[in-house]
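Participant: The structure's right below; bear with me while I get my questions together.
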Amino acid sequence: MEEIILRKHTFTILVENRPGVLARVAGLFSRRGFNIDSLAVSTTQDPSLSRITIVVEGNDRTLEQVSKQLNKLIDIVRVNDITNVDTVDRELVLIKVNAGAAQRQEILSIASVFRAQVIDVSEKSVILEVTGPQDKLTAIVKLLKHYGIIEIVRTGKVVLIRGEKNT
Amino acid sequence: MIGSQVLVECLKSEGVDVMFGIPGGVVLTIFDALYDSGIRVVLTRHEQGAAHAADGFARVTGRVGVCLATSGPGATNLVTGLANAYMDSVPIVAITGQVNTDLLGRDSFQEADITGISLPITKHNYLVKDVEDLPRVIKEAFYIASTGRPGPVLIDVPADVTTTDMKLKIPENVVLKGYHPPLQGHKKQISKAVSLIEKARRPLLYVGGGIIISGANNEVLSLAEKLRCPVTHTLMGKGAFPETNSLSLGMLGMHGTWTANTAINNADVIIAVGVRFDDRVTGRLDKFATKAKIIHIDVDPAEIGKNVAVKVPIVGDAKSVLEAILAELKTTPNTSEWIAQIEKWKKDHALRYDNGTDEIPPQLVVEKIHEITKGDAIITTEVGQNQMWAAQYYGCNRPRRFISSGGLGTMGYGFPAAIGAQIGAPGELVIDIAGDGSFMMNIQELTTAVCNDLPVKVAVLNNGYLGMVRQWQKMFYKGRYSCSCLKGNPEFAKVAEAFGAVGMTITRKDEIEPAIREAVSNGRPTVMDFKVAEEANVMPMVPKGASLEDMIETHEVK
Ligand SMILES: Cc1ncc(C[n+]2csc(CCOP(=O)(O)OP(=O)(O)O)c2C)c(N)n1
Ligand SMILES: [Mg+2]
């Protein structure tokens, strides 16, 4: 039996901007019992097209198969596994963290190290906004856990290939 | 012109002259438009029957089959038929009615999210919310269903769309940004394949349903004869290569011939065309064809490398790729030793069955049907032992004449498929080789056959069991026949008569031939109920999960 090594893959998928497309894409992952780590969807410079960026963990061979099957979907224009491609990737996270008067200063200095924006302050909490590659977000979340994170929301990773090549 | 008339005009412009279906609330306007449209609408007695009939029609004619059902239960009754067509790459267009657009998503009466339900079992589907989209959608649906790797396409049409007015304009072209079925194979890949073939010592052609879809029979024959290369086919590939040709090894896989399975594990180059290395074919994968370099030709890139590692992948239409290979071949390999070896295997390991008692061996019935019809009937099958015996003992020389549910294994497929086949090929003899379990699953379609004067024949290999289940229980579950006994089934001859068809019961060997002869010449829908040996097994057999090498050949199972 072949060894199965799990690895995170990033797919960027250009699709026709139509109802149901997302369900078709998600279906190809869910029928294999894959969990989608992150998912970002929006329109592109061409209003008839949308871009889906998906991060999913799986073994290379199975994901290659998924990618081929994605390509078969009629509404899908292009599929690209950019796991090993030179890209810029960004994600945005909002973090609502416990911050009474005693901890507020500490939290604000962590925020400034990570160039996080403080976008809301109340008596007992603050909300920070951080943008960056996923590992940076993970790092600040880890630090803030210490103070008690009330809520988090992340946009999911978005990616473009560096240089003039199309993603 | 209102939506339903637009729909009918668009269907006509796609060349549709027959469809299968059942009316209901939200499709009344469509059926009204069909009433005097000139399109023949065959009323089946269950929507599953309509879907399978459209499928059988498509397989026999090579055209797109069309079925039509109402919303909710009508649509959900199509589901098995869609999944079946999807698995076997059959071009059908299914049209379903839907509740009014303003009622969508509100659990309205007879609302079912059929585009959601059918998502993973259709090649594509549409919910048409604006009548102006209808002509484009229908054009696209037929194009998608019938090109590349064919498959079912569903169009869901809300009732209000069918009554809304528009000015009919049928688009001339299909524009789909994300759909470009490949045709020609890559030149470099073809050259690689050719040099591999030229050096082969023990080449084998492994051909499947893709040959039939692509119409590449003649190319397979030319290649096989030019190379003196033996050929094995899948269940779906029956008719892709003449089984009477001395180079044919018959079917491979779980119930394939000993020779085909042994040959594939000893070949040095396998030319796999229009096949998908299904688990019922390969058995245990790590022991499959380990000595071979594999050339895999398929129109669907997702099939290549899916199950086995391939040396030379070629994405393209089977016919065009085989033509290119034939044109480029300069020398042919010397296969005489290999052929001699295969001839010996064939002689030593021919298919055989027990015929030593008074009981009717089911295989004998199939052999007799083959003999009397000179191997030239259109055969449909149900699923189970009957299907495997039909595949083993009804040798087939031409494409589109062996119609069987391969990928999904749908009991109840064969009879409605025979009805569709008969409508697609009116002058031909169509015989459903059936099991007593499977026939019960769509027996209501006897009415469809009778009302439409369709002289289809059903040969029930009546063993009183869900025979294939019983065989597995005998072999792998200590003979504990849990829920596999069908005692209590009705007398099929009487049932047939009650439906207005001809019924016959055959209990002795000497009755087999006269019964078949009468059935094939009476011009009427006929059910032949053959009471066959109850506990015959399909042999040879590769146990599930075992390697092809571990094939069991003996007939007696302890
Ligand atoms: C719709 C459906 N239900 C269940 C099965 C599982 N199954 C496979 S073969 C078989 C028995 C078929 O019995 P019968 O039609 O009498 O054929 P036989 O094997 O006896 O020839 C069953 C239940 C199936 N393939 N399809
Ligand atoms: Mg049976």
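Residue numbers start at 1 in each chain; chains themselves are named A, B, ... in the order of the structure tokens; ligands are numbered from 1 in the order shown.
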Any idea which chain A residues end up within 6 Å of chain B if we count only C-alpha atoms, as an NGL selection string please?

Facilitator: :A and (68-69 or 74-77)

Participant: Show me which residues are within 7 Å of ligand 2 counting only C-alpha atoms and all ligand atoms, and format the list as a list in words.

Facilitator: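 Final answer, ordered by chain and number: Gly435, Asp436, Gly437, Leu461, Asn462, Asn463, Gly464, Tyr465, Leu466 and Gly467 of chain B.
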
Participant: Can you list, as a list in words, every protein, DNA or RNA residue that comes within 9 Å of Leu137 (chain A) when you count only C-alpha atoms, leaving out same-chain residues fewer than 3 positions away?

Facilitator: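 Listed by chain and then number, they are Glu91, Leu92, Val93, Phe114, Val130, Thr131, Gly132, Pro133, Gln134, Ile140, Val141 and Lys142 of chain A.
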
Participant: May I have the residues from that selection written out with C-alpha atoms, as an mmCIF file, in the first residue's frame?

Facilitator:
```cif
data_model
loop_
_atom_site.group_PDB
_atom_site.id
_atom_site.type_symbol
_atom_site.label_atom_id
_atom_site.label_comp_id
_atom_site.auth_asym_id
_atom_site.auth_seq_id
_atom_site.Cartn_x
_atom_site.Cartn_y
_atom_site.Cartn_z
ATOM 1 C CA GLU A 91 -5.888 36.610 5.111
ATOM 2 C CA LEU A 92 -7.758 38.960 7.369
ATOM 3 C CA VAL A 93 -8.850 38.137 10.903
ATOM 4 C CA PHE A 114 1.802 42.749 14.514
ATOM 5 C CA VAL A 130 -4.905 41.784 11.430
ATOM 6 C CA THR A 131 -3.948 41.104 7.839
ATOM 7 C CA GLY A 132 -1.141 38.909 6.639
ATOM 8 C CA PRO A 133 -0.060 35.442 5.686
ATOM 9 C CA GLN A 134 -1.753 32.687 7.645
ATOM 10 C CA ILE A 140 -0.991 36.635 17.118
ATOM 11 C CA VAL A 141 -4.007 34.488 17.888
ATOM 12 C CA LYS A 142 -1.747 32.270 19.967
#
```

Participant: What are the DSSP alpha helix (DSSP H) residues of region 21-100 of chain A, as a list in words?

Facilitator: Val21, Leu22, Ala23, Arg24, Val25, Ala26, Gly27, Leu28, Phe29, Ser30, Asp60, Arg61, Thr62, Leu63, Glu64, Gln65, Val66, Ser67, Lys68, Gln69, Leu70, Asn71 and Lys72 of chain A

Participant: Emit the selected residues as a PDB file, in the first residue's frame, including N, CA, C and O atoms.

Facilitator:
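Output contents, as saved in part34.pdb:
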```pdb
ATOM      1  N   VAL A  21     -22.604  27.130  -8.241  1.00  0.00           N
ATOM      2  CA  VAL A  21     -21.234  26.732  -8.572  1.00  0.00           C
ATOM      3  C   VAL A  21     -20.473  26.307  -7.318  1.00  0.00           C
ATOM      4  O   VAL A  21     -19.770  25.293  -7.299  1.00  0.00           O
ATOM      5  N   LEU A  22     -20.662  27.076  -6.259  1.00  0.00           N
ATOM      6  CA  LEU A  22     -19.945  26.776  -5.024  1.00  0.00           C
ATOM      7  C   LEU A  22     -20.324  25.389  -4.496  1.00  0.00           C
ATOM      8  O   LEU A  22     -19.474  24.627  -4.050  1.00  0.00           O
ATOM      9  N   ALA A  23     -21.615  25.065  -4.598  1.00  0.00           N
ATOM     10  CA  ALA A  23     -22.068  23.747  -4.134  1.00  0.00           C
ATOM     11  C   ALA A  23     -21.405  22.640  -4.948  1.00  0.00           C
ATOM     12  O   ALA A  23     -21.024  21.597  -4.412  1.00  0.00           O
ATOM     13  N   ARG A  24     -21.264  22.849  -6.242  1.00  0.00           N
ATOM     14  CA  ARG A  24     -20.618  21.831  -7.083  1.00  0.00           C
ATOM     15  C   ARG A  24     -19.168  21.624  -6.662  1.00  0.00           C
ATOM     16  O   ARG A  24     -18.685  20.496  -6.571  1.00  0.00           O
ATOM     17  N   VAL A  25     -18.482  22.729  -6.416  1.00  0.00           N
ATOM     18  CA  VAL A  25     -17.075  22.644  -6.030  1.00  0.00           C
ATOM     19  C   VAL A  25     -16.959  21.962  -4.668  1.00  0.00           C
ATOM     20  O   VAL A  25     -16.205  20.995  -4.492  1.00  0.00           O
ATOM     21  N   ALA A  26     -17.755  22.436  -3.717  1.00  0.00           N
ATOM     22  CA  ALA A  26     -17.689  21.876  -2.370  1.00  0.00           C
ATOM     23  C   ALA A  26     -18.023  20.392  -2.384  1.00  0.00           C
ATOM     24  O   ALA A  26     -17.431  19.595  -1.648  1.00  0.00           O
ATOM     25  N   GLY A  27     -18.957  20.010  -3.261  1.00  0.00           N
ATOM     26  CA  GLY A  27     -19.392  18.612  -3.334  1.00  0.00           C
ATOM     27  C   GLY A  27     -18.257  17.658  -3.651  1.00  0.00           C
ATOM     28  O   GLY A  27     -18.201  16.543  -3.133  1.00  0.00           O
ATOM     29  N   LEU A  28     -17.328  18.089  -4.492  1.00  0.00           N
ATOM     30  CA  LEU A  28     -16.231  17.198  -4.863  1.00  0.00           C
ATOM     31  C   LEU A  28     -15.282  16.950  -3.693  1.00  0.00           C
ATOM     32  O   LEU A  28     -14.591  15.940  -3.643  1.00  0.00           O
ATOM     33  N   PHE A  29     -15.245  17.903  -2.760  1.00  0.00           N
ATOM     34  CA  PHE A  29     -14.429  17.676  -1.565  1.00  0.00           C
ATOM     35  C   PHE A  29     -15.215  16.871  -0.534  1.00  0.00           C
ATOM     36  O   PHE A  29     -14.708  15.933   0.070  1.00  0.00           O
ATOM     37  N   SER A  30     -16.489  17.228  -0.368  1.00  0.00           N
ATOM     38  CA  SER A  30     -17.254  16.589   0.707  1.00  0.00           C
ATOM     39  C   SER A  30     -17.510  15.114   0.424  1.00  0.00           C
ATOM     40  O   SER A  30     -17.558  14.307   1.337  1.00  0.00           O
ATOM     41  N   ASP A  60      -1.452  14.063  -1.959  1.00  0.00           N
ATOM     42  CA  ASP A  60      -1.246  14.676  -3.266  1.00  0.00           C
ATOM     43  C   ASP A  60      -2.058  13.998  -4.356  1.00  0.00           C
ATOM     44  O   ASP A  60      -2.663  14.651  -5.192  1.00  0.00           O
ATOM     45  N   ARG A  61      -2.074  12.652  -4.334  1.00  0.00           N
ATOM     46  CA  ARG A  61      -2.719  11.936  -5.436  1.00  0.00           C
ATOM     47  C   ARG A  61      -4.222  12.154  -5.453  1.00  0.00           C
ATOM     48  O   ARG A  61      -4.826  12.380  -6.497  1.00  0.00           O
ATOM     49  N   THR A  62      -4.812  12.070  -4.276  1.00  0.00           N
ATOM     50  CA  THR A  62      -6.257  12.266  -4.219  1.00  0.00           C
ATOM     51  C   THR A  62      -6.616  13.687  -4.645  1.00  0.00           C
ATOM     52  O   THR A  62      -7.580  13.913  -5.370  1.00  0.00           O
ATOM     53  N   LEU A  63      -5.801  14.638  -4.200  1.00  0.00           N
ATOM     54  CA  LEU A  63      -6.126  16.019  -4.547  1.00  0.00           C
ATOM     55  C   LEU A  63      -5.892  16.303  -6.026  1.00  0.00           C
ATOM     56  O   LEU A  63      -6.579  17.119  -6.621  1.00  0.00           O
ATOM     57  N   GLU A  64      -4.958  15.586  -6.628  1.00  0.00           N
ATOM     58  CA  GLU A  64      -4.792  15.740  -8.066  1.00  0.00           C
ATOM     59  C   GLU A  64      -6.055  15.250  -8.775  1.00  0.00           C
ATOM     60  O   GLU A  64      -6.546  15.849  -9.734  1.00  0.00           O
ATOM     61  N   GLN A  65      -6.595  14.149  -8.267  1.00  0.00           N
ATOM     62  CA  GLN A  65      -7.836  13.604  -8.797  1.00  0.00           C
ATOM     63  C   GLN A  65      -8.987  14.604  -8.631  1.00  0.00           C
ATOM     64  O   GLN A  65      -9.772  14.844  -9.550  1.00  0.00           O
ATOM     65  N   VAL A  66      -9.067  15.196  -7.440  1.00  0.00           N
ATOM     66  CA  VAL A  66     -10.110  16.194  -7.198  1.00  0.00           C
ATOM     67  C   VAL A  66      -9.959  17.352  -8.186  1.00  0.00           C
ATOM     68  O   VAL A  66     -10.932  17.833  -8.771  1.00  0.00           O
ATOM     69  N   SER A  67      -8.727  17.765  -8.388  1.00  0.00           N
ATOM     70  CA  SER A  67      -8.485  18.884  -9.279  1.00  0.00           C
ATOM     71  C   SER A  67      -8.926  18.562 -10.711  1.00  0.00           C
ATOM     72  O   SER A  67      -9.537  19.379 -11.398  1.00  0.00           O
ATOM     73  N   LYS A  68      -8.652  17.326 -11.149  1.00  0.00           N
ATOM     74  CA  LYS A  68      -9.106  16.923 -12.481  1.00  0.00           C
ATOM     75  C   LYS A  68     -10.628  16.904 -12.552  1.00  0.00           C
ATOM     76  O   LYS A  68     -11.226  17.260 -13.562  1.00  0.00           O
ATOM     77  N   GLN A  69     -11.254  16.456 -11.473  1.00  0.00           N
ATOM     78  CA  GLN A  69     -12.714  16.406 -11.496  1.00  0.00           C
ATOM     79  C   GLN A  69     -13.316  17.802 -11.417  1.00  0.00           C
ATOM     80  O   GLN A  69     -14.373  18.058 -11.987  1.00  0.00           O
ATOM     81  N   LEU A  70     -12.641  18.703 -10.721  1.00  0.00           N
ATOM     82  CA  LEU A  70     -13.091  20.099 -10.712  1.00  0.00           C
ATOM     83  C   LEU A  70     -13.071  20.643 -12.139  1.00  0.00           C
ATOM     84  O   LEU A  70     -13.999  21.303 -12.585  1.00  0.00           O
ATOM     85  N   ASN A  71     -11.992  20.319 -12.839  1.00  0.00           N
ATOM     86  CA  ASN A  71     -11.861  20.774 -14.216  1.00  0.00           C
ATOM     87  C   ASN A  71     -13.000  20.296 -15.106  1.00  0.00           C
ATOM     88  O   ASN A  71     -13.333  20.930 -16.099  1.00  0.00           O
ATOM     89  N   LYS A  72     -13.585  19.152 -14.754  1.00  0.00           N
ATOM     90  CA  LYS A  72     -14.680  18.615 -15.560  1.00  0.00           C
ATOM     91  C   LYS A  72     -15.981  19.382 -15.375  1.00  0.00           C
ATOM     92  O   LYS A  72     -16.861  19.301 -16.221  1.00  0.00           O
TER      93      LYS A  72
END
```

Participant: Leaving out Lys531 (chain B) and any residue of its chain fewer than 5 positions from it, which residues lie within 12 Å of it when counting only C-alpha atoms, given as a list in words?

Facilitator: Asp358, Glu359, Ile360, Pro361, Pro362, Val365, Gly435, Asp436, Ala459, Val460, Leu461, Asn462, Asn463, Gly464, Tyr465, Glu491, Phe492, Ala493, Met504, Thr505, Ile506, Thr507, Arg508, Lys509, Glu511 and Ile512 of chain B

Participant: With only C-alpha atoms as the counted atoms, please give the residues lying no more than 9 Å from Val97 (chain A), apart from itself and same-chain residues fewer than 5 positions off, as JSON, numbers by chain.

Facilitator: {"A": [107, 124, 125, 126, 127, 128, 144, 145, 147, 148, 149, 150, 151, 152]}

Participant: Could you list the protein, DNA and RNA residues that have any atom within 10 Å of ligand 1, counting only C-alpha atoms and all ligand atoms, and write them as a ChimeraX atom specification?

Facilitator: /B:80,362,381-390,405,408-413,433-441,460-472,483-486,532,534-538

Participant: Mind dumping the selected residues with N, CA and C atoms as a short mmCIF file (atom, residue, chain, number, x, y, z; two decimals), in the first residue's frame?

Facilitator:
```cif
data_model
loop_
_atom_site.label_atom_id
_atom_site.label_comp_id
_atom_site.auth_asym_id
_atom_site.auth_seq_id
_atom_site.Cartn_x
_atom_site.Cartn_y
_atom_site.Cartn_z
N THR B 80 -32.49 7.33 -9.72
CA THR B 80 -31.72 6.12 -10.02
C THR B 80 -31.34 6.07 -11.49
N PRO B 362 -28.97 -22.27 -15.96
CA PRO B 362 -29.29 -20.95 -16.52
C PRO B 362 -28.40 -20.60 -17.72
N THR B 381 -29.84 -6.51 -20.01
CA THR B 381 -29.78 -7.43 -18.88
C THR B 381 -30.28 -6.72 -17.63
N GLU B 382 -30.65 -7.51 -16.68
CA GLU B 382 -30.89 -6.99 -15.34
C GLU B 382 -29.54 -7.06 -14.60
N VAL B 383 -29.59 -7.17 -13.28
CA VAL B 383 -28.33 -7.20 -12.54
C VAL B 383 -28.30 -8.42 -11.64
N GLY B 384 -27.13 -8.99 -11.51
CA GLY B 384 -26.97 -10.19 -10.69
C GLY B 384 -26.36 -11.29 -11.52
N GLN B 385 -26.68 -12.52 -11.17
CA GLN B 385 -26.14 -13.66 -11.92
C GLN B 385 -26.57 -13.61 -13.38
N ASN B 386 -27.85 -13.25 -13.59
CA ASN B 386 -28.38 -13.21 -14.95
C ASN B 386 -27.50 -12.34 -15.85
N GLN B 387 -27.05 -11.23 -15.31
CA GLN B 387 -26.23 -10.27 -16.07
C GLN B 387 -24.89 -10.90 -16.45
N MET B 388 -24.29 -11.57 -15.48
CA MET B 388 -22.98 -12.17 -15.73
C MET B 388 -23.10 -13.35 -16.69
N TRP B 389 -24.15 -14.16 -16.55
CA TRP B 389 -24.33 -15.26 -17.50
C TRP B 389 -24.60 -14.73 -18.90
N ALA B 390 -25.37 -13.65 -18.98
CA ALA B 390 -25.62 -13.04 -20.29
C ALA B 390 -24.29 -12.57 -20.89
N SER B 405 -26.47 -2.42 -17.15
CA SER B 405 -26.12 -1.43 -16.15
C SER B 405 -24.79 -1.81 -15.51
N LEU B 408 -23.44 1.30 -12.09
CA LEU B 408 -24.32 1.39 -10.92
C LEU B 408 -24.87 0.03 -10.53
N GLY B 409 -24.96 -0.88 -11.47
CA GLY B 409 -25.51 -2.20 -11.16
C GLY B 409 -26.95 -2.11 -10.69
N THR B 410 -27.80 -1.55 -11.54
CA THR B 410 -29.18 -1.25 -11.15
C THR B 410 -30.13 -2.38 -11.50
N MET B 411 -30.59 -3.12 -10.49
CA MET B 411 -31.66 -4.08 -10.73
C MET B 411 -32.88 -3.30 -11.20
N GLY B 412 -33.59 -3.86 -12.17
CA GLY B 412 -34.76 -3.17 -12.70
C GLY B 412 -34.44 -2.31 -13.91
N TYR B 413 -33.18 -2.29 -14.30
CA TYR B 413 -32.77 -1.49 -15.46
C TYR B 413 -33.17 -2.15 -16.78
N ILE B 433 -32.50 -10.25 -20.71
CA ILE B 433 -32.14 -11.43 -19.93
C ILE B 433 -32.21 -11.02 -18.46
N ALA B 434 -33.17 -11.61 -17.75
CA ALA B 434 -33.57 -11.05 -16.46
C ALA B 434 -33.42 -12.05 -15.32
N GLY B 435 -33.46 -11.51 -14.11
CA GLY B 435 -33.55 -12.34 -12.92
C GLY B 435 -34.93 -12.14 -12.30
N ASP B 436 -35.33 -13.09 -11.49
CA ASP B 436 -36.67 -12.99 -10.90
C ASP B 436 -36.76 -11.86 -9.87
N GLY B 437 -35.63 -11.50 -9.29
CA GLY B 437 -35.64 -10.36 -8.37
C GLY B 437 -35.70 -9.04 -9.13
N SER B 438 -34.83 -8.90 -10.09
CA SER B 438 -34.73 -7.65 -10.84
C SER B 438 -36.02 -7.33 -11.61
N PHE B 439 -36.60 -8.36 -12.24
CA PHE B 439 -37.77 -8.12 -13.09
C PHE B 439 -38.90 -7.50 -12.26
N MET B 440 -38.99 -7.93 -11.00
CA MET B 440 -40.04 -7.40 -10.13
C MET B 440 -39.88 -5.90 -9.88
N MET B 441 -38.68 -5.38 -10.11
CA MET B 441 -38.45 -3.98 -9.75
C MET B 441 -39.03 -2.99 -10.75
N VAL B 460 -36.72 -14.64 -18.11
CA VAL B 460 -36.41 -14.63 -16.68
C VAL B 460 -35.66 -15.91 -16.33
N LEU B 461 -34.43 -15.76 -15.85
CA LEU B 461 -33.70 -16.92 -15.33
C LEU B 461 -34.15 -17.05 -13.88
N ASN B 462 -35.26 -17.77 -13.71
CA ASN B 462 -35.94 -17.77 -12.42
C ASN B 462 -35.35 -18.83 -11.49
N ASN B 463 -34.47 -18.38 -10.60
CA ASN B 463 -33.84 -19.31 -9.67
C ASN B 463 -34.45 -19.21 -8.27
N GLY B 464 -35.47 -18.39 -8.12
CA GLY B 464 -36.13 -18.30 -6.81
C GLY B 464 -35.29 -17.59 -5.76
N TYR B 465 -34.25 -16.96 -6.20
CA TYR B 465 -33.35 -16.27 -5.26
C TYR B 465 -32.89 -14.94 -5.83
N LEU B 466 -32.49 -14.07 -4.94
CA LEU B 466 -31.59 -12.98 -5.31
C LEU B 466 -30.25 -13.69 -5.49
N GLY B 467 -30.08 -14.25 -6.67
CA GLY B 467 -29.07 -15.29 -6.86
C GLY B 467 -27.65 -14.84 -6.55
N MET B 468 -27.30 -13.66 -6.98
CA MET B 468 -25.93 -13.21 -6.76
C MET B 468 -25.67 -13.01 -5.26
N VAL B 469 -26.69 -12.55 -4.56
CA VAL B 469 -26.57 -12.40 -3.12
C VAL B 469 -26.43 -13.78 -2.48
N ARG B 470 -27.29 -14.71 -2.93
CA ARG B 470 -27.21 -16.06 -2.40
C ARG B 470 -25.84 -16.67 -2.64
N GLN B 471 -25.28 -16.44 -3.82
CA GLN B 471 -23.95 -16.99 -4.14
C GLN B 471 -22.90 -16.46 -3.16
N TRP B 472 -22.94 -15.19 -2.86
CA TRP B 472 -21.96 -14.61 -1.92
C TRP B 472 -22.20 -15.15 -0.52
N CYS B 483 -32.43 -13.19 3.83
CA CYS B 483 -33.25 -12.34 2.93
C CYS B 483 -32.91 -12.48 1.45
N SER B 484 -32.41 -13.61 1.01
CA SER B 484 -32.12 -13.73 -0.41
C SER B 484 -33.07 -14.68 -1.14
N CYS B 485 -33.97 -15.33 -0.37
CA CYS B 485 -34.89 -16.27 -0.99
C CYS B 485 -36.13 -15.53 -1.48
N LEU B 486 -36.53 -15.82 -2.72
CA LEU B 486 -37.66 -15.09 -3.30
C LEU B 486 -38.93 -15.94 -3.38
N VAL B 532 -35.03 -22.28 -13.49
CA VAL B 532 -33.66 -22.81 -13.62
C VAL B 532 -33.14 -23.35 -12.29
N GLU B 534 -31.69 -23.74 -8.92
CA GLU B 534 -31.78 -22.69 -7.90
C GLU B 534 -30.41 -22.23 -7.43
N GLU B 535 -29.48 -23.18 -7.33
CA GLU B 535 -28.24 -22.81 -6.66
C GLU B 535 -27.03 -22.88 -7.58
N ALA B 536 -27.22 -22.53 -8.83
CA ALA B 536 -26.07 -22.44 -9.73
C ALA B 536 -25.27 -21.19 -9.38
N ASN B 537 -23.95 -21.29 -9.55
CA ASN B 537 -23.09 -20.13 -9.26
C ASN B 537 -22.43 -19.61 -10.52
N VAL B 538 -22.14 -18.32 -10.50
CA VAL B 538 -21.41 -17.74 -11.62
C VAL B 538 -19.93 -18.01 -11.42
#
```

Participant: If DSSP is run on the backbone, what residues of region 228-380 of chain B are strand (DSSP E or B)? A reply as a PyMOL selection string would be ideal.

Facilitator: chain B and resi 231-233+248-251+269-273+283+293-298+312-315+360+378-380

Participant: If you count only C-alpha atoms, which residues fall within 9 Å of Val321 (chain B), apart from same-chain ones fewer than 6 positions away, as a list in words?

Facilitator: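 In the requested format, the answer is Leu183, Gln184, Gly185, His186, Ile190, Ile297, Ile314 and Val315 of chain B.
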
Participant: Create the file for the chosen residues now, containing all heavy atoms and written as a compact mmCIF listing (two decimals), in the first residue's frame.

Facilitator:
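To be explicit, this is the file written out as part-v8.txt:
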```
# COMPACT_ATOMS: atom_id res chain seq x y z
N LEU B 183 -10.22 16.26 -28.31
CA LEU B 183 -10.46 15.34 -29.43
C LEU B 183 -9.19 14.60 -29.79
O LEU B 183 -8.98 13.46 -29.43
CB LEU B 183 -10.96 16.13 -30.64
CG LEU B 183 -12.46 16.07 -30.87
CD1 LEU B 183 -12.85 16.93 -32.05
CD2 LEU B 183 -12.91 14.63 -31.11
N GLN B 184 -8.31 15.32 -30.49
CA GLN B 184 -7.05 14.72 -30.92
C GLN B 184 -6.15 14.43 -29.72
O GLN B 184 -6.11 15.23 -28.79
CB GLN B 184 -6.31 15.69 -31.83
CG GLN B 184 -6.32 15.30 -33.29
CD GLN B 184 -7.66 15.58 -33.94
OE1 GLN B 184 -8.42 16.38 -33.44
NE2 GLN B 184 -7.93 14.91 -35.04
N GLY B 185 -5.47 13.30 -29.78
CA GLY B 185 -4.48 13.02 -28.76
C GLY B 185 -3.21 13.82 -29.01
O GLY B 185 -2.98 14.28 -30.13
N HIS B 186 -2.40 13.96 -27.99
CA HIS B 186 -1.14 14.69 -28.09
C HIS B 186 -0.17 13.91 -28.98
O HIS B 186 0.06 12.73 -28.78
CB HIS B 186 -0.57 14.85 -26.69
CG HIS B 186 0.46 15.90 -26.58
ND1 HIS B 186 1.73 15.73 -27.07
CD2 HIS B 186 0.41 17.15 -26.05
CE1 HIS B 186 2.42 16.82 -26.84
NE2 HIS B 186 1.64 17.70 -26.22
N ILE B 190 1.36 10.05 -28.64
CA ILE B 190 1.04 9.01 -29.62
C ILE B 190 2.32 8.34 -30.11
O ILE B 190 2.39 7.11 -30.21
CB ILE B 190 0.19 9.61 -30.76
CG1 ILE B 190 -1.22 9.87 -30.22
CG2 ILE B 190 0.13 8.67 -31.97
CD1 ILE B 190 -2.13 10.65 -31.11
N ILE B 297 -5.78 5.37 -23.05
CA ILE B 297 -6.40 6.35 -23.94
C ILE B 297 -7.82 6.62 -23.45
O ILE B 297 -8.62 5.68 -23.36
CB ILE B 297 -6.43 5.82 -25.39
CG1 ILE B 297 -5.01 5.48 -25.86
CG2 ILE B 297 -7.11 6.82 -26.33
CD1 ILE B 297 -4.96 4.60 -27.09
N ILE B 314 -2.89 9.16 -22.81
CA ILE B 314 -3.28 9.94 -24.00
C ILE B 314 -4.73 10.39 -23.82
O ILE B 314 -5.64 9.56 -23.76
CB ILE B 314 -3.17 9.11 -25.30
CG1 ILE B 314 -1.76 8.51 -25.45
CG2 ILE B 314 -3.50 9.99 -26.51
CD1 ILE B 314 -1.57 7.66 -26.68
N VAL B 315 -4.91 11.69 -23.72
CA VAL B 315 -6.26 12.22 -23.59
C VAL B 315 -6.78 12.53 -24.99
O VAL B 315 -6.17 13.31 -25.72
CB VAL B 315 -6.28 13.49 -22.73
CG1 VAL B 315 -7.69 14.06 -22.66
CG2 VAL B 315 -5.75 13.17 -21.34
```

Participant: Which distance in Å separates CA of Glu132 (chain B) and CA of Leu43 (chain B), to one decimal?

Facilitator: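 Atom-to-atom, CA of Glu132 (chain B) and CA of Leu43 (chain B) are spaced 28.8 Å apart.
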
Participant: Go through A:Ile82, A:Gln103, A:Ala111, A:Leu6 one by one, measure the shortest atom-to-atom distance of each to Ala139 (chain A) using only C-alpha atoms, and give the residue with the smallest value.

Facilitator: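 Smallest separation from Ala139 (chain A) among the options: A:Ala111.
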
Participant: With distances taken over only C-alpha atoms, which of A:Glu16, A:Thr87, A:Ser38, A:Glu106 is nearest to Glu164 (chain A)?

Facilitator: A:Thr87

Participant: Please provide the set of residues having any atom within 8 Å of Val55 (chain A), restricted to only C-alpha atoms, with same-chain residues fewer than 5 positions apart removed, written as a PyMOL selection string.

Facilitator: chain A and resi 8-11+36-39+157

Participant: So the first atom is CA of Val273 (chain B) and the second is CA of Leu326 (chain B); what is the distance between them in Å, to one decimal place?

Facilitator: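 Separation of CA of Val273 (chain B) and CA of Leu326 (chain B): 13.9 Å.
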
Participant: Which is closest to Arg78 (chain A) among A:Leu49, A:Ile4, A:Val159, A:Leu143, if we use only C-alpha atoms?

Facilitator: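 Looking at the shortest contact to Arg78 (chain A), the residue is A:Leu49.
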